[in-house]
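S.K.: My structure is in input.cif, and what it holds is mmCIF, C-alpha atoms:
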```cif
data_work
#
loop_
_atom_site.label_atom_id
_atom_site.label_comp_id
_atom_site.auth_asym_id
_atom_site.auth_seq_id
_atom_site.Cartn_x
_atom_site.Cartn_y
_atom_site.Cartn_z
CA MET A 1 105.71 102.62 130.37
CA ASP A 2 104.23 106.09 130.66
CA LYS A 3 100.50 105.35 130.64
CA ALA A 4 99.62 108.94 129.72
CA SER A 5 101.49 108.49 126.41
CA ILE A 6 99.71 105.28 125.39
CA GLN A 7 97.70 105.66 122.17
CA GLY A 8 94.91 103.58 120.67
CA ARG A 9 94.27 101.30 123.67
CA ASP A 10 90.84 99.64 123.68
CA GLU A 11 89.98 98.41 127.17
CA LYS A 12 87.41 95.90 125.86
CA ASP A 13 90.05 94.35 123.61
CA VAL A 14 92.42 94.25 126.58
CA GLU A 15 89.84 92.44 128.73
CA ARG A 16 89.27 89.83 126.02
CA ALA A 17 93.02 89.38 125.56
CA ILE A 18 93.54 88.86 129.30
CA GLU A 19 90.78 86.25 129.39
CA ARG A 20 92.37 84.46 126.45
CA ALA A 21 95.80 84.59 128.09
CA LEU A 22 94.45 83.05 131.29
CA GLU A 23 92.70 80.31 129.29
CA HIS A 24 96.03 79.50 127.64
CA GLY A 25 97.90 79.06 130.91
CA VAL A 26 99.27 82.53 131.68
CA SER A 27 99.28 82.96 135.45
CA GLN A 28 97.13 85.52 137.21
CA SER A 29 100.22 86.78 139.03
CA PHE A 30 101.86 87.63 135.70
CA ILE A 31 98.76 89.54 134.55
CA GLU A 32 98.76 91.50 137.80
CA LYS A 33 102.49 92.19 137.61
CA THR A 34 102.26 93.58 134.07
CA GLY A 35 99.09 95.53 134.86
CA GLY A 36 97.38 94.36 131.69
CA TYR A 37 100.05 95.83 129.42
CA THR A 38 102.03 93.76 126.95
CA GLY A 39 105.27 95.75 127.04
CA ILE A 40 107.93 94.25 129.25
CA SER A 41 111.65 94.66 129.88
CA GLY A 42 114.41 92.73 131.59
CA ILE A 43 117.62 94.15 133.07
CA LEU A 44 120.93 92.33 133.45
CA ASP A 45 123.50 94.06 135.66
CA THR A 46 126.92 92.43 135.40
CA GLY A 47 128.12 94.21 138.52
CA ARG A 48 131.14 95.53 136.64
CA PRO A 49 131.59 99.10 135.39
CA GLY A 50 130.67 99.72 131.78
CA PRO A 51 128.05 101.23 129.48
CA THR A 52 124.31 100.67 129.75
CA ILE A 53 123.13 99.15 126.50
CA ALA A 54 119.46 98.73 125.54
CA ILE A 55 118.34 96.22 122.94
CA ARG A 56 114.81 96.69 121.69
CA ALA A 57 112.39 94.43 119.80
CA ASP A 58 108.68 94.63 118.99
CA LEU A 59 106.41 91.82 120.09
CA ASP A 60 102.74 92.47 119.26
CA ALA A 61 100.68 90.93 116.49
CA VAL A 62 99.45 93.23 113.71
CA PRO A 63 96.02 93.74 112.06
CA VAL A 64 96.60 91.50 109.06
CA GLN A 65 94.49 88.54 107.94
CA GLU A 66 96.68 85.44 107.73
CA SER A 67 96.37 83.16 104.72
CA SER A 68 94.42 79.94 105.13
CA ALA A 69 95.85 78.36 101.96
CA GLU A 70 97.03 74.78 102.43
CA GLU A 71 100.48 75.62 101.09
CA HIS A 72 100.95 78.41 103.67
CA GLU A 73 103.80 77.43 106.00
CA ALA A 74 101.89 78.32 109.16
CA VAL A 75 98.94 76.21 108.05
CA LYS A 76 101.19 73.22 107.34
CA GLY A 77 102.95 73.72 110.67
CA ASN A 78 99.68 74.16 112.59
CA TYR A 79 100.64 77.53 114.06
CA VAL A 80 98.38 79.74 111.95
CA SER A 81 96.65 82.60 113.75
CA GLU A 82 93.44 81.66 115.53
CA ILE A 83 92.16 85.26 115.63
CA PRO A 84 90.51 86.64 112.45
CA GLY A 85 92.22 89.75 111.12
CA VAL A 86 95.22 89.47 113.44
CA MET A 87 98.55 87.68 112.94
CA HIS A 88 102.24 87.87 113.73
CA ALA A 89 103.47 89.54 110.57
CA CYS A 90 106.25 91.99 109.69
CA GLY A 91 108.74 89.81 111.53
CA HIS A 92 107.48 90.56 115.03
CA ASP A 93 107.48 86.95 116.17
CA ALA A 94 111.04 86.60 114.85
CA HIS A 95 112.11 89.77 116.65
CA THR A 96 110.72 88.53 119.96
CA SER A 97 112.48 85.19 119.53
CA ILE A 98 115.78 86.85 118.63
CA LEU A 99 115.77 89.14 121.65
CA LEU A 100 114.85 86.27 123.97
CA ALA A 101 117.82 84.32 122.57
CA VAL A 102 120.14 87.32 123.02
CA ALA A 103 118.97 87.75 126.62
CA GLU A 104 119.54 84.05 127.32
CA TRP A 105 123.04 84.23 125.83
CA ALA A 106 123.88 87.32 127.89
CA VAL A 107 122.82 85.62 131.12
CA ARG A 108 124.87 82.54 130.32
CA ASN A 109 127.92 84.68 129.48
CA LYS A 110 127.50 87.27 132.21
CA GLU A 111 131.02 86.70 133.57
CA HIS A 112 132.47 87.85 130.23
CA LEU A 113 130.42 91.05 130.03
CA VAL A 114 130.61 94.50 131.63
CA GLY A 115 128.05 97.19 132.35
CA LYS A 116 124.30 96.82 132.26
CA TYR A 117 121.96 95.43 129.59
CA LYS A 118 118.29 96.25 129.11
CA PHE A 119 116.17 93.92 126.99
CA ILE A 120 113.09 95.88 125.94
CA PHE A 121 110.04 94.29 124.33
CA GLN A 122 108.01 97.17 122.91
CA PRO A 123 104.27 96.87 122.34
CA ALA A 124 102.22 98.53 119.59
CA GLU A 125 105.06 99.13 117.14
CA GLU A 126 102.77 99.30 114.12
CA GLY A 127 101.40 102.79 113.70
CA VAL A 128 104.12 104.19 115.99
CA ARG A 129 101.73 103.96 118.95
CA GLY A 130 103.90 102.20 121.54
CA GLY A 131 107.31 103.80 121.16
CA LEU A 132 106.43 107.06 122.85
CA ALA A 133 104.97 105.36 125.93
CA VAL A 134 108.10 103.24 126.32
CA ALA A 135 110.48 106.17 125.78
CA ASN A 136 108.58 108.46 128.13
CA GLY A 137 108.49 105.75 130.79
CA GLY A 138 112.15 106.43 131.62
CA ILE A 139 113.62 103.06 130.64
CA PHE A 140 116.09 104.81 128.28
CA ASP A 141 117.07 107.66 130.58
CA ASP A 142 120.37 106.09 131.72
CA VAL A 143 121.09 104.24 128.48
CA ASP A 144 124.36 104.94 126.62
CA GLU A 145 123.51 103.07 123.43
CA ILE A 146 120.29 101.74 121.91
CA LEU A 147 120.34 98.82 119.49
CA CYS A 148 117.25 98.13 117.36
CA PHE A 149 116.88 95.49 114.68
CA HIS A 150 114.50 94.14 112.07
CA VAL A 151 114.58 91.06 109.91
CA GLY A 152 115.69 92.22 106.47
CA SER A 153 114.15 91.21 103.17
CA GLU A 154 117.38 92.12 101.36
CA CYS A 155 119.68 90.13 103.64
CA LYS A 156 120.51 86.52 102.97
CA LEU A 157 120.45 83.87 105.67
CA GLY A 158 123.35 84.50 108.06
CA GLU A 159 123.87 88.11 106.97
CA VAL A 160 123.46 91.22 109.12
CA GLY A 161 122.93 94.63 107.55
CA ILE A 162 123.71 97.96 109.24
CA CYS A 163 121.59 100.93 108.18
CA GLU A 164 123.82 103.98 108.25
CA GLY A 165 121.27 106.45 106.92
CA GLY A 166 118.39 105.66 109.22
CA TYR A 167 114.76 104.99 108.39
CA LEU A 168 112.15 107.33 106.95
CA ALA A 169 110.45 109.76 109.32
CA THR A 170 106.70 109.13 109.43
CA THR A 171 103.41 110.64 110.52
CA LYS A 172 100.14 108.78 110.96
CA LEU A 173 96.92 110.65 110.20
CA ASN A 174 93.34 109.71 111.04
CA VAL A 175 90.83 111.60 108.91
CA SER A 176 87.06 111.54 109.20
CA PHE A 177 84.32 113.22 107.15
CA GLU A 178 80.80 113.85 108.39
CA GLY A 179 78.12 114.66 105.84
CA ALA A 180 74.35 114.36 105.91
CA PRO A 181 72.29 111.20 105.39
CA ALA A 182 69.41 111.08 102.93
CA HIS A 183 67.45 108.45 101.02
CA ALA A 184 69.14 107.94 97.67
CA GLY A 185 65.81 107.41 95.89
CA SER A 186 63.41 109.92 97.42
CA ASN A 187 65.54 112.96 98.33
CA PRO A 188 69.20 112.55 97.32
CA GLU A 189 69.62 116.33 97.08
CA ALA A 190 69.39 116.53 100.88
CA GLY A 191 72.39 114.30 101.38
CA LYS A 192 76.07 115.09 101.60
CA SER A 193 78.18 112.04 100.87
CA ALA A 194 81.07 111.52 103.26
CA LEU A 195 82.04 108.48 101.19
CA LEU A 196 82.55 110.55 98.03
CA ALA A 197 84.47 113.13 100.04
CA ALA A 198 86.83 110.44 101.29
CA CYS A 199 87.22 108.95 97.81
CA ASN A 200 88.02 112.36 96.34
CA ALA A 201 90.51 113.04 99.10
CA ALA A 202 92.13 109.62 98.66
CA THR A 203 92.63 110.21 94.93
CA LEU A 204 94.16 113.62 95.52
CA VAL A 205 96.40 112.34 98.33
CA ALA A 206 97.76 109.65 95.99
CA GLY A 207 98.68 112.41 93.53
CA ILE A 208 100.75 114.49 95.96
CA PRO A 209 104.01 115.37 94.14
CA ARG A 210 107.15 113.72 95.42
CA HIS A 211 110.09 115.86 96.52
CA SER A 212 113.46 116.23 94.81
CA GLY A 213 115.13 116.67 98.20
CA GLY A 214 114.79 112.99 99.13
CA LEU A 215 112.50 110.00 99.41
CA THR A 216 108.85 110.71 100.19
CA ARG A 217 105.93 108.32 100.52
CA VAL A 218 102.19 108.51 101.19
CA CYS A 219 99.60 105.77 101.60
CA VAL A 220 95.86 105.75 102.20
CA GLY A 221 95.80 102.39 103.93
CA LYS A 222 92.19 102.23 105.07
CA LEU A 223 88.86 103.80 104.12
CA GLU A 224 85.56 102.91 105.76
CA ALA A 225 82.22 104.50 104.83
CA GLY A 226 78.54 103.91 104.32
CA GLU A 227 75.60 102.33 106.08
CA SER A 228 73.34 100.92 103.36
CA ARG A 229 73.11 100.77 99.57
CA ASN A 230 70.15 103.18 99.41
CA VAL A 231 71.36 105.77 101.93
CA ILE A 232 73.67 108.68 101.19
CA PRO A 233 76.63 107.84 103.49
CA ALA A 234 77.06 110.41 106.24
CA HIS A 235 80.26 109.06 107.79
CA ALA A 236 83.66 108.10 106.41
CA ARG A 237 86.98 107.37 108.06
CA MET A 238 90.47 107.18 106.56
CA GLU A 239 93.84 106.05 107.87
CA ILE A 240 96.78 107.71 106.11
CA GLU A 241 100.52 107.64 106.62
CA THR A 242 103.24 109.86 105.20
CA ARG A 243 106.98 109.22 105.14
CA GLY A 244 110.04 111.27 104.30
CA ALA A 245 113.81 110.89 104.34
CA THR A 246 113.88 113.80 106.83
CA SER A 247 111.36 115.34 109.20
CA ASP A 248 111.07 118.32 106.85
CA LEU A 249 110.24 116.09 103.90
CA ASP A 250 107.67 114.23 105.96
CA ALA A 251 106.16 117.59 106.99
CA PHE A 252 105.97 118.49 103.28
CA MET A 253 103.74 115.46 102.69
CA VAL A 254 101.65 116.11 105.80
CA ASP A 255 100.99 119.72 104.77
CA HIS A 256 99.72 118.52 101.39
CA VAL A 257 97.36 116.02 103.05
CA LYS A 258 96.01 118.74 105.36
CA ARG A 259 95.30 121.08 102.44
CA ILE A 260 93.53 118.33 100.53
CA VAL A 261 91.32 117.47 103.49
CA ARG A 262 90.45 121.12 104.09
CA GLY A 263 89.75 121.65 100.40
CA THR A 264 87.49 118.59 100.24
CA GLU A 265 85.55 119.85 103.24
CA ALA A 266 85.00 123.22 101.58
CA ALA A 267 84.15 121.83 98.14
CA LEU A 268 81.53 119.37 99.37
CA THR A 269 80.28 121.50 102.28
CA LEU A 270 80.60 118.88 104.99
CA ARG A 271 82.68 118.59 108.15
CA ARG A 272 86.07 116.96 108.59
CA LYS A 273 88.36 116.01 111.47
CA LEU A 274 92.08 115.30 111.20
CA ARG A 275 94.12 113.89 114.05
CA LYS A 276 97.88 113.49 113.88
CA SER A 277 100.03 111.21 116.00
CA ALA A 278 103.47 112.83 116.18
CA LEU A 279 106.28 111.32 118.21
CA PRO A 280 109.12 113.86 118.29
CA ARG A 281 110.90 112.46 121.36
CA ILE A 282 111.27 108.91 120.07
CA TRP A 283 112.47 110.14 116.67
CA LYS A 284 115.08 112.32 118.35
CA ARG A 285 116.38 109.24 120.16
CA ILE A 286 116.43 107.21 116.95
CA ARG A 287 118.27 109.96 115.04
CA LYS A 288 120.85 110.13 117.81
CA CYS A 289 121.37 106.37 117.47
CA TRP A 290 122.11 106.74 113.75
CA GLN A 291 124.43 109.67 114.39
CA ASP A 292 126.36 107.60 116.92
CA LEU A 293 126.64 104.57 114.63
CA PRO A 294 130.09 105.37 113.10
CA ARG A 295 131.53 105.84 116.60
CA LEU A 296 129.96 102.57 117.76
CA GLN A 297 131.35 100.68 114.75
CA SER A 298 134.82 102.02 115.56
CA LYS A 299 134.50 101.08 119.23
CA TRP A 300 133.19 97.60 118.53
CA SER A 301 136.00 96.88 116.06
CA GLN A 302 138.66 97.53 118.69
#
```
Could you show the structure in this file as structure tokens?
M.R.:
Amino acid sequence: MDKASIQGRDEKDVERAIERALEHGVSQSFIEKTGGYTGISGILDTGRPGPTIAIRADLDAVPVQESSAEEHEAVKGNYVSEIPGVMHACGHDAHTSILLAVAEWAVRNKEHLVGKYKFIFQPAEEGVRGGLAVANGGIFDDVDEILCFHVGSECKLGEVGICEGGYLATTKLNVSFEGAPAHAGSNPEAGKSALLAACNAATLVAGIPRHSGGLTRVCVGKLEAGESRNVIPAHARMEIETRGATSDLDAFMVDHVKRIVRGTEAALTLRRKLRKSALPRIWKRIRKCWQDLPRLQSKWSQ
């Protein structure tokens, strides 16, 4: 991985995770070999000429609170998450298992294969934080084809679906408002509520018009604000994502969010910050994969 491209890494969280891994039997040599990073890849070279094919899966847990209800399958099976606010959701545990099984099959059938295979376990898939670091690390530089997969809610057991149109382009936005604190009872006129600014912005973001040129989406997924019930809240933070069927449609949604944030800042006379995580290189690679799909289908059918 390209360490300079890593986003959202908290070293304290990493230290706690390493301690937990060691307590659960992970060897110190493995921790040292991976350098404290969860992304890992394996390469199988058949020794015979042929294409280099990469197969990618995500492996990290996601920030979701798992159900503790008795009827929940993980509770009944005694494999429910032990960490509050974190679980293997969105199919990530299934993806890891599938790629491990594919890698095992490839090793066992190496004599029937040609070329080179790269099995890539990508960290930090949620929030598009890990893809850029993996792509910029050079692991894909000599790859002819990239295969990605996801468990599908619309597929029945035993079915495999091929997405010919690709997925929605997306941008993740972190927005913060900084106002002025004041006592809500004695001098409320001195305060500038960052909480109300964020709430106003969230309402306006939800009302962004959709585009006739294709699918567009927007979601305010997180809003944190306030210190106490009797204090005008001076700080607020929002996590927003936009999506579009094309990069241009996604940019249409992003531009609307930016205008709303700027307008809220001006209307309520406080300060705002907006940070965007854009990953053009990884999306170019993904688009190329979709463009190559008809040719791959033809080649595989021969």
S.K.: Set the distance at 7 Å and use only C-alpha atoms: which residues neighbour Pro181 of chain A once local chain neighbours fewer than 2 positions away are removed? I'd like the list as a list in words.
M.R.: Gly179, Gly191, Lys192, Val231, Ile232, Pro233 and Ala234 of chain A
S.K.: What would the file look like if the residues just selected were written as a PDB file, in the coordinates of the input with C-alpha atoms?
M.R.:
```pdb
ATOM      1  CA  GLY A 179      78.120 114.660 105.840  1.00  0.00           C
ATOM      2  CA  GLY A 191      72.390 114.300 101.380  1.00  0.00           C
ATOM      3  CA  LYS A 192      76.070 115.090 101.600  1.00  0.00           C
ATOM      4  CA  VAL A 231      71.360 105.770 101.930  1.00  0.00           C
ATOM      5  CA  ILE A 232      73.670 108.680 101.190  1.00  0.00           C
ATOM      6  CA  PRO A 233      76.630 107.840 103.490  1.00  0.00           C
ATOM      7  CA  ALA A 234      77.060 110.410 106.240  1.00  0.00           C
TER       8      ALA A 234
END
```
S.K.: Which residue is closest to Leu113 of chain A? Choose from A:Ala169, A:Val64, A:Ala194, A:Leu44 and count all atoms listed in the file.
M.R.: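 The answer is A:Leu44, which sits nearest to Leu113 of chain A.
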S.K.: Find the residues near Gly263 of chain A: any atom within 12 Å, counting only C-alpha atoms, skip ones fewer than 4 places away on the same chain, and give them as a list in words.
M.R.: Ala197, Ala198, Asn200, Ala201, Leu204, Val205, His256, Val257, Lys258, Arg259, Ala267, Leu268, Thr269, Leu270, Arg271 and Arg272 of chain A
S.K.: Within 6 Å of segment 240-252 of chain A, counting only C-alpha atoms, which residues qualify if same-chain residues fewer than 6 places away don't, as a list of chain:residue names?
M.R.: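 Result of the neighbour search: A:Leu168, A:Ala169, A:Thr170, A:Thr171, A:Lys172, A:Leu173, A:Gly214, A:Leu215, A:Thr216, A:Arg217, A:Val218, A:Cys219, A:Val220, A:Gly221.
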S.K.: On this file, the PyMOL selection byres ((chain A and resi 45) around 10) gives some set of residues; write that set as a compact mmCIF listing (two decimals) with C-alpha atoms, in the frame of the given file.
M.R.:
```txt
# COMPACT_ATOMS: atom_id res chain seq x y z
CA ILE A 43 117.62 94.15 133.07
CA LEU A 44 120.93 92.33 133.45
CA THR A 46 126.92 92.43 135.40
CA GLY A 47 128.12 94.21 138.52
CA ARG A 48 131.14 95.53 136.64
CA PRO A 49 131.59 99.10 135.39
CA GLY A 50 130.67 99.72 131.78
CA THR A 52 124.31 100.67 129.75
CA VAL A 107 122.82 85.62 131.12
CA LYS A 110 127.50 87.27 132.21
CA LEU A 113 130.42 91.05 130.03
CA VAL A 114 130.61 94.50 131.63
CA GLY A 115 128.05 97.19 132.35
CA LYS A 116 124.30 96.82 132.26
CA TYR A 117 121.96 95.43 129.59
CA LYS A 118 118.29 96.25 129.11
```
S.K.: What is the distance, in Å and to one decimal place, between atom CA of Glu224 of chain A and atom CA of Lys276 of chain A?
M.R.: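 We find that atom CA of Glu224 of chain A and atom CA of Lys276 of chain A lie 18.2 Å from each other.
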S.K.: Separation of atom CA of Phe30 of chain A and atom CA of Asp60 of chain A, in Å?
M.R.: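 These atoms are spaced 17.2 Å apart.
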